[in-house]
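A.B. asks: Okay, here's the structure, questions in a sec.
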Amino acid sequence: MDESLNEKEIIDNTIQTYCNLQRIKHANEGVQNKELDYQLKIAKAKLEVFGVNLQELEY
């Protein structure tokens, strides 16, 4: 049971990170930021591993 709760916490934290990164990217108004793009890519990959539907999270 603890593993399930930990997994849910990881997913929740990763969703929060992904959403925060998207807000930052949107606020940059098209200015390229390679590190931000890389962090978004990592968060997206983590969420895909857990089977999270990213279409629902797009900004």
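Labeling convention for the structure tokens: chains A, B, ... as they appear, residues from 1 per chain, ligands from 1 in order of appearance.
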Contacts of Leu57 (chain A) at 12 Å or less, counting only C-alpha atoms, minus same-chain residues fewer than 3 places along, as a ChimeraX atom specification?
C.D. replies: /A:14-23,43-44,47-48,52-54
A.B. asks: Please write the residues from the selection above to a file, keeping N, CA and C atoms, as a compact mmCIF listing (two decimals), in the first residue's frame.
C.D. replies:
# COMPACT_ATOMS: atom_id res chain seq x y z
N THR A 14 5.37 15.34 -10.17
CA THR A 14 5.84 15.50 -11.55
C THR A 14 4.84 16.29 -12.38
N ILE A 15 3.55 16.08 -12.16
CA ILE A 15 2.53 16.88 -12.85
C ILE A 15 2.68 18.35 -12.46
N GLN A 16 2.87 18.62 -11.19
CA GLN A 16 3.05 20.01 -10.73
C GLN A 16 4.28 20.63 -11.38
N THR A 17 5.36 19.88 -11.44
CA THR A 17 6.60 20.38 -12.07
C THR A 17 6.36 20.67 -13.54
N TYR A 18 5.72 19.73 -14.23
CA TYR A 18 5.45 19.89 -15.67
C TYR A 18 4.58 21.13 -15.91
N CYS A 19 3.55 21.31 -15.12
CA CYS A 19 2.66 22.47 -15.27
C CYS A 19 3.40 23.78 -14.98
N ASN A 20 4.22 23.78 -13.96
CA ASN A 20 5.01 24.98 -13.64
C ASN A 20 5.97 25.33 -14.76
N LEU A 21 6.63 24.33 -15.32
CA LEU A 21 7.54 24.57 -16.43
C LEU A 21 6.81 25.09 -17.65
N GLN A 22 5.60 24.58 -17.91
CA GLN A 22 4.82 25.07 -19.03
C GLN A 22 4.44 26.54 -18.83
N ARG A 23 4.06 26.91 -17.61
CA ARG A 23 3.72 28.31 -17.34
C ARG A 23 4.92 29.21 -17.57
N ALA A 43 10.40 15.93 -17.71
CA ALA A 43 9.14 15.78 -16.97
C ALA A 43 8.12 15.03 -17.81
N LYS A 44 8.07 15.33 -19.10
CA LYS A 44 7.14 14.66 -20.00
C LYS A 44 7.45 13.16 -20.08
N LEU A 47 6.29 11.39 -16.91
CA LEU A 47 4.83 11.22 -16.87
C LEU A 47 4.37 10.14 -17.83
N GLU A 48 5.00 10.06 -18.99
CA GLU A 48 4.64 9.03 -19.96
C GLU A 48 4.92 7.64 -19.41
N VAL A 52 0.49 8.82 -17.83
CA VAL A 52 -0.32 10.04 -17.68
C VAL A 52 -0.62 10.61 -19.07
N ASN A 53 -1.88 10.97 -19.31
CA ASN A 53 -2.29 11.57 -20.57
C ASN A 53 -1.87 13.03 -20.57
N LEU A 54 -0.84 13.34 -21.35
CA LEU A 54 -0.29 14.69 -21.36
C LEU A 54 -1.14 15.70 -22.12
A.B. asks: Select from chain A everything DSSP, run on the backbone, classes as alpha helix (DSSP H), then give the selection as number ranges by chain.
C.D. replies: A: 2-27, 34-49
A.B. asks: Could you state the separation of CA of Asn13 (chain A) and CA of Lys46 (chain A) in Å, given to one decimal place?
C.D. replies: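 Going from CA of Asn13 (chain A) over to CA of Lys46 (chain A) covers 10.8 Å.
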A.B. asks: Using CA of Ile24 (chain A) and CA of Phe50 (chain A) as the two end points, give the distance in Å to one decimal.
C.D. replies: 23.5 Å
A.B. asks: Closest to Lys8 (chain A) among A:Leu40, A:Gly51, A:Ala45, A:Lys34, using only C-alpha atoms?
C.D. replies: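 Of the candidates, the smallest distance to Lys8 (chain A) is held by A:Gly51.
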